[in-house]
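Just model-v5.cif here, mmCIF, C-alpha atoms (C1' of nucleotides):
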```
data_entry
loop_
_atom_site.group_PDB
_atom_site.id
_atom_site.type_symbol
_atom_site.label_atom_id
_atom_site.label_comp_id
_atom_site.auth_asym_id
_atom_site.auth_seq_id
_atom_site.Cartn_x
_atom_site.Cartn_y
_atom_site.Cartn_z
ATOM 1 C CA MET A 144 0.678 3.727 -15.608
ATOM 2 C CA PRO A 145 2.580 0.628 -15.057
ATOM 3 C CA GLU A 146 1.609 -2.497 -13.237
ATOM 4 C CA LEU A 147 3.538 -5.732 -13.528
ATOM 5 C CA PRO A 148 2.673 -6.470 -17.188
ATOM 6 C CA GLU A 149 3.650 -2.950 -18.274
ATOM 7 C CA VAL A 150 6.928 -3.029 -16.350
ATOM 8 C CA GLU A 151 7.706 -6.446 -17.812
ATOM 9 C CA THR A 152 6.941 -5.062 -21.282
ATOM 10 C CA VAL A 153 9.331 -2.169 -20.656
ATOM 11 C CA ARG A 154 12.015 -4.601 -19.515
ATOM 12 C CA GLN A 155 11.675 -6.716 -22.626
ATOM 13 C CA GLY A 156 11.884 -3.621 -24.818
ATOM 14 C CA LEU A 157 15.003 -2.361 -23.057
ATOM 15 C CA ARG A 158 16.995 -5.585 -22.973
ATOM 16 C CA PRO A 159 18.270 -5.828 -26.574
ATOM 17 C CA TYR A 160 19.628 -2.274 -26.583
ATOM 18 C CA VAL A 161 20.691 -1.893 -22.980
ATOM 19 C CA GLU A 162 22.234 -5.201 -21.974
ATOM 20 C CA GLY A 163 25.897 -5.118 -22.906
ATOM 21 C CA ALA A 164 25.909 -1.357 -23.402
ATOM 22 C CA ARG A 165 28.381 0.913 -21.655
ATOM 23 C CA ILE A 166 27.069 4.046 -19.990
ATOM 24 C CA ASP A 167 28.972 6.900 -21.587
ATOM 25 C CA ALA A 168 27.319 9.875 -19.891
ATOM 26 C CA VAL A 169 24.444 10.595 -17.508
ATOM 27 C CA THR A 170 22.500 13.855 -17.293
ATOM 28 C CA LEU A 171 20.041 14.631 -14.509
ATOM 29 C CA ARG A 172 17.847 17.476 -15.725
ATOM 30 C CA ARG A 173 16.399 18.181 -12.279
ATOM 31 C CA PRO A 174 17.470 17.299 -8.722
ATOM 32 C CA ASN A 175 14.620 14.929 -7.968
ATOM 33 C CA LEU A 176 11.805 12.772 -9.208
ATOM 34 C CA ARG A 177 9.540 11.671 -6.371
ATOM 35 C CA PHE A 178 12.674 11.653 -4.209
ATOM 36 C CA ALA A 179 16.032 13.306 -4.712
ATOM 37 C CA PHE A 180 18.398 11.402 -6.973
ATOM 38 C CA PRO A 181 20.805 9.537 -4.689
ATOM 39 C CA GLU A 182 24.158 11.148 -3.993
ATOM 40 C CA GLY A 183 26.665 10.245 -6.686
ATOM 41 C CA PHE A 184 24.064 8.543 -8.894
ATOM 42 C CA ALA A 185 25.362 9.859 -12.211
ATOM 43 C CA THR A 186 28.982 9.256 -11.264
ATOM 44 C CA ALA A 187 28.293 5.679 -10.203
ATOM 45 C CA LEU A 188 26.576 4.866 -13.516
ATOM 46 C CA THR A 189 29.082 6.548 -15.798
ATOM 47 C CA GLY A 190 31.588 4.137 -17.288
ATOM 48 C CA ALA A 191 29.742 1.039 -16.084
ATOM 49 C CA THR A 192 28.335 -1.576 -18.405
ATOM 50 C CA ILE A 193 24.714 -2.681 -17.963
ATOM 51 C CA GLU A 194 24.958 -6.436 -17.778
ATOM 52 C CA GLN A 195 21.352 -7.405 -17.211
ATOM 53 C CA VAL A 196 17.895 -5.870 -16.752
ATOM 54 C CA ASP A 197 15.637 -7.701 -14.323
ATOM 55 C CA ARG A 198 12.227 -7.032 -12.803
ATOM 56 C CA ARG A 199 10.990 -7.538 -9.249
ATOM 57 C CA ALA A 200 7.353 -6.592 -8.715
ATOM 58 C CA LYS A 201 7.016 -3.177 -10.427
ATOM 59 C CA TYR A 202 10.726 -2.396 -10.093
ATOM 60 C CA LEU A 203 13.284 -2.534 -12.883
ATOM 61 C CA LEU A 204 16.747 -3.622 -11.747
ATOM 62 C CA PHE A 205 19.710 -2.689 -13.936
ATOM 63 C CA ARG A 206 22.676 -4.829 -12.906
ATOM 64 C CA LEU A 207 25.916 -2.982 -13.521
ATOM 65 C CA SER A 208 29.426 -4.309 -14.153
ATOM 66 C CA THR A 209 30.544 -2.556 -10.970
ATOM 67 C CA GLY A 210 28.301 -4.900 -8.991
ATOM 68 C CA ALA A 211 25.903 -2.110 -8.111
ATOM 69 C CA ILE A 212 22.180 -2.257 -8.905
ATOM 70 C CA TRP A 213 20.359 0.707 -10.381
ATOM 71 C CA LEU A 214 16.692 0.444 -9.353
ATOM 72 C CA SER A 215 13.899 2.213 -11.214
ATOM 73 C CA HIS A 216 10.204 2.555 -10.399
ATOM 74 C CA LEU A 217 7.948 4.153 -13.027
ATOM 75 C CA GLY A 218 5.290 5.544 -10.690
ATOM 76 C CA MET A 219 2.129 6.413 -12.635
ATOM 77 C CA THR A 220 3.546 8.063 -15.736
ATOM 78 C CA GLY A 221 7.191 7.027 -16.029
ATOM 79 C CA SER A 222 8.456 5.690 -19.348
ATOM 80 C CA TYR A 223 11.718 4.891 -21.100
ATOM 81 C CA ARG A 224 12.423 5.513 -24.748
ATOM 82 C CA PHE A 225 15.392 5.601 -27.088
ATOM 83 C CA GLU A 226 16.588 8.438 -29.267
ATOM 84 C CA GLY A 227 19.567 8.969 -31.533
ATOM 85 C CA PHE A 228 19.864 5.573 -33.139
ATOM 86 C CA LYS A 229 21.469 7.166 -36.191
ATOM 87 C CA HIS A 230 24.183 9.053 -34.370
ATOM 88 C CA LYS A 231 27.641 7.551 -34.242
ATOM 89 C CA GLU A 232 29.275 10.277 -32.205
ATOM 90 C CA PRO A 233 28.535 10.452 -28.476
ATOM 91 C CA SER A 234 28.765 14.233 -28.736
ATOM 92 C CA ARG A 235 25.613 14.203 -30.818
ATOM 93 C CA TYR A 236 23.390 12.581 -28.261
ATOM 94 C CA TYR A 237 19.799 13.697 -27.973
ATOM 95 C CA GLU A 238 19.001 16.900 -26.161
ATOM 96 C CA PRO A 239 15.405 17.577 -25.153
ATOM 97 C CA GLY A 240 13.586 20.438 -26.825
ATOM 98 C CA GLU A 241 10.443 22.322 -25.780
ATOM 99 C CA ASP A 242 8.347 19.191 -25.795
ATOM 100 C CA GLY A 243 10.852 17.312 -23.665
ATOM 101 C CA LYS A 244 10.134 19.111 -20.421
ATOM 102 C CA HIS A 245 9.454 15.850 -18.640
ATOM 103 C CA ASP A 246 12.607 14.141 -19.916
ATOM 104 C CA HIS A 247 14.333 14.008 -16.546
ATOM 105 C CA LEU A 248 17.111 11.481 -16.989
ATOM 106 C CA ILE A 249 19.297 11.205 -20.104
ATOM 107 C CA ILE A 250 21.641 8.259 -20.426
ATOM 108 C CA ALA A 251 24.110 8.050 -23.307
ATOM 109 C CA LEU A 252 24.910 4.444 -24.202
ATOM 110 C CA ILE A 253 27.454 2.743 -26.417
ATOM 111 C CA HIS A 254 26.276 -0.671 -27.475
ATOM 112 C CA PRO A 255 28.693 -3.083 -29.192
ATOM 113 C CA GLU A 256 26.185 -3.879 -31.949
ATOM 114 C CA HIS A 257 23.811 -0.931 -32.040
ATOM 115 C CA GLY A 258 26.390 1.798 -31.552
ATOM 116 C CA ALA A 259 25.628 5.078 -29.834
ATOM 117 C CA LEU A 260 22.073 5.623 -28.612
ATOM 118 C CA THR A 261 20.355 7.616 -25.899
ATOM 119 C CA LEU A 262 18.024 6.240 -23.242
ATOM 120 C CA ILE A 263 15.564 8.771 -21.840
ATOM 121 C CA TYR A 264 13.392 8.540 -18.739
ATOM 122 C CA ASN A 265 10.257 10.680 -19.029
ATOM 123 C CA ASP A 266 7.787 11.133 -16.169
ATOM 124 C CA ALA A 267 5.157 13.879 -16.230
ATOM 125 C CA ARG A 268 3.905 13.422 -12.667
ATOM 126 C CA ARG A 269 7.275 12.436 -11.220
ATOM 127 C CA PHE A 270 5.838 9.708 -9.004
ATOM 128 C CA GLY A 271 8.653 7.493 -10.235
ATOM 129 C CA PHE A 272 12.068 7.275 -8.605
ATOM 130 C CA VAL A 273 15.469 5.668 -8.954
ATOM 131 C CA ASP A 274 17.961 4.395 -6.436
ATOM 132 C CA LEU A 275 21.329 2.702 -6.339
ATOM 133 C CA PHE A 276 22.404 -0.244 -4.185
ATOM 134 C CA ALA A 277 25.352 -2.528 -3.637
ATOM 135 C CA ASP A 278 23.050 -5.549 -3.729
ATOM 136 C CA GLU A 279 19.375 -6.460 -3.529
ATOM 137 C CA ALA A 280 19.487 -7.112 0.193
ATOM 138 C CA ALA A 281 20.659 -3.521 0.655
ATOM 139 C CA SER A 282 17.588 -2.036 -1.031
ATOM 140 C CA PRO A 283 14.833 -0.943 1.337
ATOM 141 C CA TYR A 284 12.400 -0.881 -1.597
ATOM 142 C CA LEU A 285 12.780 -4.626 -2.116
ATOM 143 C CA GLN A 286 12.325 -5.532 1.532
ATOM 144 C CA GLY A 287 8.963 -6.769 2.672
ATOM 145 C CA LEU A 288 7.619 -7.364 -0.835
ATOM 146 C CA GLY A 289 5.255 -10.294 -1.180
ATOM 147 C CA PRO A 290 5.743 -13.114 -3.683
ATOM 148 C CA GLU A 291 5.824 -12.604 -7.434
ATOM 149 C CA PRO A 292 2.292 -13.401 -8.642
ATOM 150 C CA LEU A 293 3.675 -15.513 -11.500
ATOM 151 C CA GLY A 294 6.040 -17.458 -9.228
ATOM 152 C CA ASN A 295 5.488 -20.655 -7.263
ATOM 153 C CA ALA A 296 5.377 -18.855 -3.921
ATOM 154 C CA PHE A 297 2.063 -17.262 -4.913
ATOM 155 C CA ASN A 298 -0.601 -19.880 -4.232
ATOM 156 C CA ALA A 299 -3.783 -20.477 -2.253
ATOM 157 C CA ALA A 300 -1.856 -21.570 0.837
ATOM 158 C CA THR A 301 0.330 -18.441 1.053
ATOM 159 C CA LEU A 302 -2.674 -16.227 0.286
ATOM 160 C CA ALA A 303 -4.635 -17.906 3.073
ATOM 161 C CA LEU A 304 -1.815 -17.141 5.462
ATOM 162 C CA ALA A 305 -1.834 -13.485 4.467
ATOM 163 C CA PHE A 306 -5.626 -13.207 4.615
ATOM 164 C CA THR A 307 -6.278 -14.922 7.934
ATOM 165 C CA GLY A 308 -7.887 -12.426 10.271
ATOM 166 C CA LYS A 309 -7.611 -9.622 7.707
ATOM 167 C CA LYS A 310 -10.516 -7.206 7.785
ATOM 168 C CA ALA A 311 -9.567 -5.224 4.705
ATOM 169 C CA PRO A 312 -11.586 -5.719 1.501
ATOM 170 C CA ILE A 313 -9.975 -8.149 -0.921
ATOM 171 C CA LYS A 314 -9.432 -5.225 -3.316
ATOM 172 C CA ALA A 315 -7.202 -3.460 -0.811
ATOM 173 C CA ALA A 316 -5.470 -6.684 0.215
ATOM 174 C CA LEU A 317 -4.437 -7.474 -3.361
ATOM 175 C CA LEU A 318 -3.141 -3.932 -3.880
ATOM 176 C CA ASP A 319 -0.950 -4.381 -0.790
ATOM 177 C CA GLN A 320 2.495 -5.137 -2.198
ATOM 178 C CA ARG A 321 3.385 -7.060 0.980
ATOM 179 C CA VAL A 322 0.679 -9.615 0.172
ATOM 180 C CA VAL A 323 1.527 -10.062 -3.511
ATOM 181 C CA ALA A 324 3.922 -7.829 -5.417
ATOM 182 C CA GLY A 325 3.076 -6.348 -8.794
ATOM 183 C CA LEU A 326 -0.696 -5.971 -8.980
ATOM 184 C CA GLY A 327 -2.273 -2.539 -9.432
ATOM 185 C CA ASN A 328 -5.723 -1.061 -9.870
ATOM 186 C CA ILE A 329 -6.448 -2.505 -13.319
ATOM 187 C CA TYR A 330 -5.389 -6.094 -12.830
ATOM 188 C CA VAL A 331 -6.930 -6.435 -9.367
ATOM 189 C CA SER A 332 -10.364 -5.559 -10.792
ATOM 190 C CA GLU A 333 -9.794 -7.921 -13.706
ATOM 191 C CA ALA A 334 -8.557 -10.808 -11.537
ATOM 192 C CA LEU A 335 -11.465 -10.465 -9.084
ATOM 193 C CA HIS A 336 -13.913 -10.593 -11.969
ATOM 194 C CA ARG A 337 -12.313 -13.778 -13.266
ATOM 195 C CA ALA A 338 -12.570 -15.317 -9.789
ATOM 196 C CA HIS A 339 -16.231 -14.138 -9.491
ATOM 197 C CA LEU A 340 -15.331 -12.340 -6.262
ATOM 198 C CA MET A 341 -16.752 -9.013 -5.121
ATOM 199 C CA PRO A 342 -14.024 -6.415 -4.478
ATOM 200 C CA THR A 343 -15.805 -5.582 -1.220
ATOM 201 C CA ALA A 344 -15.517 -9.122 0.163
ATOM 202 C CA LEU A 345 -13.360 -9.074 3.271
ATOM 203 C CA ALA A 346 -10.049 -10.870 2.811
ATOM 204 C CA GLY A 347 -10.556 -12.842 6.000
ATOM 205 C CA THR A 348 -13.780 -14.410 4.672
ATOM 206 C CA LEU A 349 -11.813 -16.298 1.998
ATOM 207 C CA VAL A 350 -10.198 -18.426 4.679
ATOM 208 C CA THR A 351 -11.849 -21.065 6.902
ATOM 209 C CA LYS A 352 -11.946 -20.730 10.679
ATOM 210 C CA ARG A 353 -9.011 -23.120 10.776
ATOM 211 C CA GLY A 354 -6.998 -20.923 8.441
ATOM 212 C CA ALA A 355 -7.321 -23.142 5.378
ATOM 213 C CA PRO A 356 -7.932 -21.582 1.956
ATOM 214 C CA LYS A 357 -11.527 -21.741 0.723
ATOM 215 C CA PRO A 358 -11.847 -23.091 -2.850
ATOM 216 C CA VAL A 359 -12.445 -19.597 -4.239
ATOM 217 C CA LEU A 360 -8.834 -18.733 -3.374
ATOM 218 C CA GLU A 361 -7.720 -21.219 -6.021
ATOM 219 C CA ASP A 362 -9.903 -19.359 -8.513
ATOM 220 C CA LEU A 363 -8.340 -16.092 -7.418
ATOM 221 C CA VAL A 364 -4.777 -17.364 -7.834
ATOM 222 C CA LEU A 365 -5.662 -18.656 -11.295
ATOM 223 C CA GLY A 366 -7.397 -15.369 -12.159
ATOM 224 C CA VAL A 367 -4.359 -13.328 -11.167
ATOM 225 C CA ARG A 368 -1.948 -15.555 -13.054
ATOM 226 C CA THR A 369 -3.949 -15.764 -16.246
ATOM 227 C CA VAL A 370 -4.792 -12.073 -16.466
ATOM 228 C CA LEU A 371 -1.156 -11.082 -15.953
ATOM 229 C CA THR A 372 0.118 -13.684 -18.403
ATOM 230 C CA GLU A 373 -2.347 -12.633 -21.079
ATOM 231 C CA ALA A 374 -1.528 -8.963 -20.549
ATOM 232 C CA ILE A 375 2.218 -9.578 -20.890
ATOM 233 C CA GLU A 376 1.597 -11.503 -24.107
ATOM 234 C CA VAL A 377 0.024 -8.446 -25.731
ATOM 235 C CA GLY A 378 2.444 -5.876 -24.332
ATOM 236 C CA GLY A 379 0.440 -4.600 -21.339
ATOM 237 C CA SER A 380 -2.323 -1.986 -21.321
ATOM 238 C CA THR A 381 -2.117 1.467 -22.882
ATOM 239 C CA LEU A 382 -4.669 3.785 -21.249
ATOM 240 C CA ARG A 383 -3.321 7.150 -22.310
ATOM 241 C CA ASP A 384 0.422 7.290 -22.666
ATOM 242 C CA PHE A 385 1.952 3.921 -21.892
ATOM 243 C CA ARG A 386 4.535 2.846 -24.444
ATOM 244 C CA ALA A 387 7.150 0.155 -24.472
ATOM 245 C CA ALA A 388 10.712 1.421 -24.922
ATOM 246 C CA ASP A 389 10.396 0.734 -28.653
ATOM 247 C CA GLY A 390 7.307 2.980 -28.840
ATOM 248 C CA GLN A 391 4.788 0.150 -29.199
ATOM 249 C CA GLN A 392 1.448 0.529 -27.442
ATOM 250 C CA GLY A 393 0.008 -2.296 -25.373
ATOM 251 C CA GLY A 394 -3.101 -4.191 -26.429
ATOM 252 C CA PHE A 395 -4.686 -5.487 -23.257
ATOM 253 C CA GLN A 396 -6.967 -2.466 -22.835
ATOM 254 C CA HIS A 397 -9.110 -3.988 -25.587
ATOM 255 C CA ARG A 398 -9.590 -7.063 -23.440
ATOM 256 C CA PHE A 399 -10.743 -5.490 -20.193
ATOM 257 C CA SER A 400 -13.752 -7.298 -18.763
ATOM 258 C CA VAL A 401 -14.675 -4.658 -16.181
ATOM 259 C CA TYR A 402 -11.942 -2.036 -15.753
ATOM 260 C CA ASP A 403 -13.135 1.360 -17.065
ATOM 261 C CA ARG A 404 -16.299 -0.317 -18.395
ATOM 262 C CA GLU A 405 -18.920 1.165 -16.072
ATOM 263 C CA GLY A 406 -22.427 0.755 -17.503
ATOM 264 C CA LYS A 407 -21.364 -1.817 -20.073
ATOM 265 C CA PRO A 408 -22.549 -5.441 -20.121
ATOM 266 C CA CYS A 409 -20.608 -8.044 -18.189
ATOM 267 C CA PRO A 410 -18.718 -10.253 -20.653
ATOM 268 C CA THR A 411 -19.171 -13.429 -18.617
ATOM 269 C CA PRO A 412 -21.077 -15.930 -20.829
ATOM 270 C CA LEU A 413 -24.821 -15.914 -20.051
ATOM 271 C CA CYS A 414 -24.395 -13.203 -17.402
ATOM 272 C CA THR A 415 -26.878 -10.326 -17.684
ATOM 273 C CA GLY A 416 -25.070 -7.980 -15.286
ATOM 274 C CA ILE A 417 -24.011 -4.392 -15.960
ATOM 275 C CA VAL A 418 -20.574 -3.299 -14.798
ATOM 276 C CA GLU A 419 -20.568 -0.957 -11.794
ATOM 277 C CA ARG A 420 -17.957 1.381 -10.386
ATOM 278 C CA ILE A 421 -17.371 2.069 -6.705
ATOM 279 C CA VAL A 422 -14.582 3.842 -4.821
ATOM 280 C CA GLN A 423 -12.522 1.875 -2.310
ATOM 281 C CA SER A 424 -9.691 3.492 -0.389
ATOM 282 C CA GLY A 425 -9.811 6.380 -2.801
ATOM 283 C CA ARG A 426 -9.534 4.329 -5.972
ATOM 284 C CA SER A 427 -12.045 3.054 -8.521
ATOM 285 C CA SER A 428 -13.108 -0.572 -8.430
ATOM 286 C CA PHE A 429 -15.079 -2.080 -11.309
ATOM 287 C CA PHE A 430 -17.145 -5.234 -10.969
ATOM 288 C CA CYS A 431 -20.229 -7.128 -12.097
ATOM 289 C CA PRO A 432 -22.846 -7.217 -9.313
ATOM 290 C CA VAL A 433 -24.433 -10.342 -10.786
ATOM 291 C CA CYS A 434 -21.612 -12.843 -11.297
ATOM 292 C CA GLN A 435 -19.228 -11.584 -8.603
ATOM 293 C CA LYS A 436 -20.078 -12.680 -5.051
ATOM 294 C CA ALA A 437 -18.897 -12.171 -1.508
ATOM 295 C CA PRO A 438 -18.522 -15.436 0.458
ATOM 296 C CA ARG A 439 -20.260 -15.704 3.800
ATOM 297 C CA ALA A 440 -18.019 -15.131 6.763
ATOM 298 C "C1'" DC B 220 0.227 -3.976 13.974
ATOM 299 C "C1'" DC B 221 -3.915 -2.599 11.160
ATOM 300 C "C1'" DA B 222 -6.755 0.410 8.330
ATOM 301 C "C1'" DC B 223 -7.818 4.635 6.316
ATOM 302 C "C1'" DT B 224 -6.771 9.433 4.336
ATOM 303 C "C1'" DA B 225 -4.108 12.889 2.417
ATOM 304 C "C1'" DA B 226 -0.298 14.045 -0.145
ATOM 305 C "C1'" DC B 227 2.998 14.066 -3.883
ATOM 306 C "C1'" DC B 228 2.501 16.415 -9.415
ATOM 307 C "C1'" DT B 229 0.876 17.133 -14.040
ATOM 308 C "C1'" DG B 230 -2.230 16.349 -17.785
ATOM 309 C "C1'" DT B 231 -6.616 15.512 -19.795
ATOM 310 C "C1'" DA B 232 -11.535 14.796 -20.367
ATOM 311 C "C1'" DG B 233 -15.993 16.366 -19.621
ATOM 312 C "C1'" DG B 234 -19.547 19.752 -18.180
ATOM 313 C "C1'" DC B 235 -21.179 24.408 -18.679
ATOM 314 C "C1'" DT C 55 -12.799 29.000 -26.875
ATOM 315 C "C1'" DG C 56 -12.259 29.122 -21.761
ATOM 316 C "C1'" DC C 57 -12.883 27.890 -17.029
ATOM 317 C "C1'" DC C 58 -13.673 24.561 -13.556
ATOM 318 C "C1'" DT C 59 -13.893 20.030 -11.575
ATOM 319 C "C1'" DA C 60 -12.916 15.236 -11.342
ATOM 320 C "C1'" DC C 61 -9.952 11.748 -12.124
ATOM 321 C "C1'" DA C 62 -5.707 9.014 -13.638
ATOM 322 C "C1'" DG C 63 -1.596 3.003 -14.082
ATOM 323 C "C1'" DG C 64 1.498 4.140 -7.310
ATOM 324 C "C1'" DT C 65 3.490 4.637 -3.034
ATOM 325 C "C1'" DT C 66 4.408 6.841 1.382
ATOM 326 C "C1'" DA C 67 3.653 9.652 5.566
ATOM 327 C "C1'" DG C 68 0.607 10.630 8.986
ATOM 328 C "C1'" DT C 69 -3.409 9.699 11.936
ATOM 329 C "C1'" DG C 70 -6.402 7.124 14.917
#
```
Structure encoded using structure tokens:
Amino acid sequence: MPELPEVETVRQGLRPYVEGARIDAVTLRRPNLRFAFPEGFATALTGATIEQVDRRAKYLLFRLSTGAIWLSHLGMTGSYRFEGFKHKEPSRYYEPGEDGKHDHLIIALIHPEHGALTLIYNDARRFGFVDLFADEAASPYLQGLGPEPLGNAFNAATLALAFTGKKAPIKAALLDQRVVAGLGNIYVSEALHRAHLMPTALAGTLVTKRGAPKPVLEDLVLGVRTVLTEAIEVGGSTLRDFRAADGQQGGFQHRFSVYDREGKPCPTPLCTGIVERIVQSGRSSFFCPVCQKAPRA
DNA sequence: CCACTAACCTGTAGGC
DNA sequence: TGCCTACAGGTTAGTG
């Protein structure tokens, strides 16, 4: 489900209720998500106060008063929600019923202003996972990640460096979290459309023989930044089940130019193209064959 | 090191 | 209605 804009939307929804809250109890309702819960995970969280919720790429980072960092990745279908706002007594925290079979992690919180409430992690496919670290440098998941696409380190020069000599299609290169961290299948298709670049163009063809960025790389950087920024502004994209922690659906799905729009007209002004769908490395790519081009090598 | 595929797991949409 | 297939927002392990 979640690419960078969705994870950022989740973070913003969590912050008011989670930051400053003390973790009163933790229940793991199964031994694993994608991976086993780390040894002592529940014990380490219990009693700690969540001081801050940050995001790096598609990871949520809960900074605890103990100094430890609780890391959470939502996979394809992971989501957080709150229950039990009305309950004052910790003993009356939410317990999943029949329809809560994918509620895997239950976290009872006491917030100084909001009182007792329950944070629930739900994940039907269980591609998500959590981990616990002493500090960011100690997390293998955060090693080797490329720059944040909305940060200064993501620019035509750093992209050129990553693309030089690369034979992979630009679609695959942008999905590679070592190149840029946070893009997924939706926003790569959308950014390439904005930059008028074919997803099949080879990454190496966007760089000159001398290793300098071709002008189209500037368009690509701008396309990535603007599509992510606009998506965050409207709360991400809700395809089937994505919700922010407060239950709100995203709105960016109404603004897709090409993603999931096979057979529909290209929205580029004056363009007469019809959106096509192809499969690259096992995943759908959507593009306009008229206004998106592949540069010559 | 690079590039590609299969695998992980469940739910849903569409065709018949 | 039911059955079957294809596909879904991500990452990792394995192969060549």
When the cut-off is 12 Å and we count all atoms listed in the file, which residues of chain A are near chain B, given as an NGL selection string? :A and (176-178 or 218-220 or 244-245 or 266-271 or 308-312 or 315-316 or 319 or 382-384 or 423-426)
Residues of chain C near chain A: apply a cut-off of 8 Å, count all atoms listed in the file, and supply the list as a PyMOL selection string. chain C and resi 63-65
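For the atom pair formed by atom CA of A:Leu302 and atom CA of A:Ser428, the distance is 20.7 Å, given to one decimal.
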Pairwise distance for atom CA of A:Leu260 and atom CA of A:Ala277, rounded to one decimal in Å: 26.5 Å
Between atom CA of A:Leu293 and atom CA of A:Asp403 - distance in Å to one decimal: 24.5 Å
List the spatial neighbours of A:Leu365 as a VMD selection string - criterion: any atom at most 10 Å away, only C-alpha atoms (C1' of nucleotides), same-chain residues fewer than 2 positions off excluded. chain A and resid 292 to 293 298 to 299 334 337 to 338 359 to 363 367 to 371
Just to be explicit: take each residue in the selection above, keep C-alpha atoms, and write the result as a PDB file, in the coordinates of the input.
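Output (selection_1.pdb):
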```pdb
ATOM      1  CA  PRO A 292       2.292 -13.401  -8.642  1.00  0.00           C
ATOM      2  CA  LEU A 293       3.675 -15.513 -11.500  1.00  0.00           C
ATOM      3  CA  ASN A 298      -0.601 -19.880  -4.232  1.00  0.00           C
ATOM      4  CA  ALA A 299      -3.783 -20.477  -2.253  1.00  0.00           C
ATOM      5  CA  ALA A 334      -8.557 -10.808 -11.537  1.00  0.00           C
ATOM      6  CA  ARG A 337     -12.313 -13.778 -13.266  1.00  0.00           C
ATOM      7  CA  ALA A 338     -12.570 -15.317  -9.789  1.00  0.00           C
ATOM      8  CA  VAL A 359     -12.445 -19.597  -4.239  1.00  0.00           C
ATOM      9  CA  LEU A 360      -8.834 -18.733  -3.374  1.00  0.00           C
ATOM     10  CA  GLU A 361      -7.720 -21.219  -6.021  1.00  0.00           C
ATOM     11  CA  ASP A 362      -9.903 -19.359  -8.513  1.00  0.00           C
ATOM     12  CA  LEU A 363      -8.340 -16.092  -7.418  1.00  0.00           C
ATOM     13  CA  VAL A 367      -4.359 -13.328 -11.167  1.00  0.00           C
ATOM     14  CA  ARG A 368      -1.948 -15.555 -13.054  1.00  0.00           C
ATOM     15  CA  THR A 369      -3.949 -15.764 -16.246  1.00  0.00           C
ATOM     16  CA  VAL A 370      -4.792 -12.073 -16.466  1.00  0.00           C
ATOM     17  CA  LEU A 371      -1.156 -11.082 -15.953  1.00  0.00           C
TER      18      LEU A 371
END
```
Selection: 8 Å around A:Ile249, only C-alpha atoms (C1' of nucleotides), excl. self and same-chain fewer than 2 positions, as a VMD selection string: chain A and resid 169 to 172 246 to 247 251 261 to 264
With C-alpha atoms retained, write the just-selected residues as a CSV table (one decimal), keeping the file's coordinate frame.
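The resulting file, part.csv, is reproduced below:
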```
chain,number,residue,atom,x,y,z
A,169,VAL,CA,24.4,10.6,-17.5
A,170,THR,CA,22.5,13.9,-17.3
A,171,LEU,CA,20.0,14.6,-14.5
A,172,ARG,CA,17.8,17.5,-15.7
A,246,ASP,CA,12.6,14.1,-19.9
A,247,HIS,CA,14.3,14.0,-16.5
A,251,ALA,CA,24.1,8.0,-23.3
A,261,THR,CA,20.4,7.6,-25.9
A,262,LEU,CA,18.0,6.2,-23.2
A,263,ILE,CA,15.6,8.8,-21.8
A,264,TYR,CA,13.4,8.5,-18.7
```
Can you turn the PyMOL selection byres ((chain A and resi 192) around 7) into a concrete residue list for this file, as a list in words? Gly163, Ala164, Arg165, Ile166, Gly190, Ala191, Ile193, Glu194, Leu207 and Ser208 of chain A
Atoms kept (C-alpha atoms) for selection, written as a compact mmCIF listing (two decimals), keeping the file's coordinate frame:
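Once written, out.txt looks like this:
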```txt
# COMPACT_ATOMS: atom_id res chain seq x y z
CA GLY A 163 25.90 -5.12 -22.91
CA ALA A 164 25.91 -1.36 -23.40
CA ARG A 165 28.38 0.91 -21.66
CA ILE A 166 27.07 4.05 -19.99
CA GLY A 190 31.59 4.14 -17.29
CA ALA A 191 29.74 1.04 -16.08
CA ILE A 193 24.71 -2.68 -17.96
CA GLU A 194 24.96 -6.44 -17.78
CA LEU A 207 25.92 -2.98 -13.52
CA SER A 208 29.43 -4.31 -14.15
```
The PyMOL selection byres ((chain A and resi 279) around 12) on the file shown: which residues, as a PyMOL selection string? chain A and resi 197-199+202-206+210-214+274-278+280-286
Run the PyMOL selection byres ((chain A and resi 160) around 9) against the file shown and list the residues it catches, as a list in words. Gly156, Leu157, Arg158, Pro159, Val161, Glu162, Gly163, Ala164, Phe225, Leu252, His254, Glu256, His257 and Leu260 of chain A
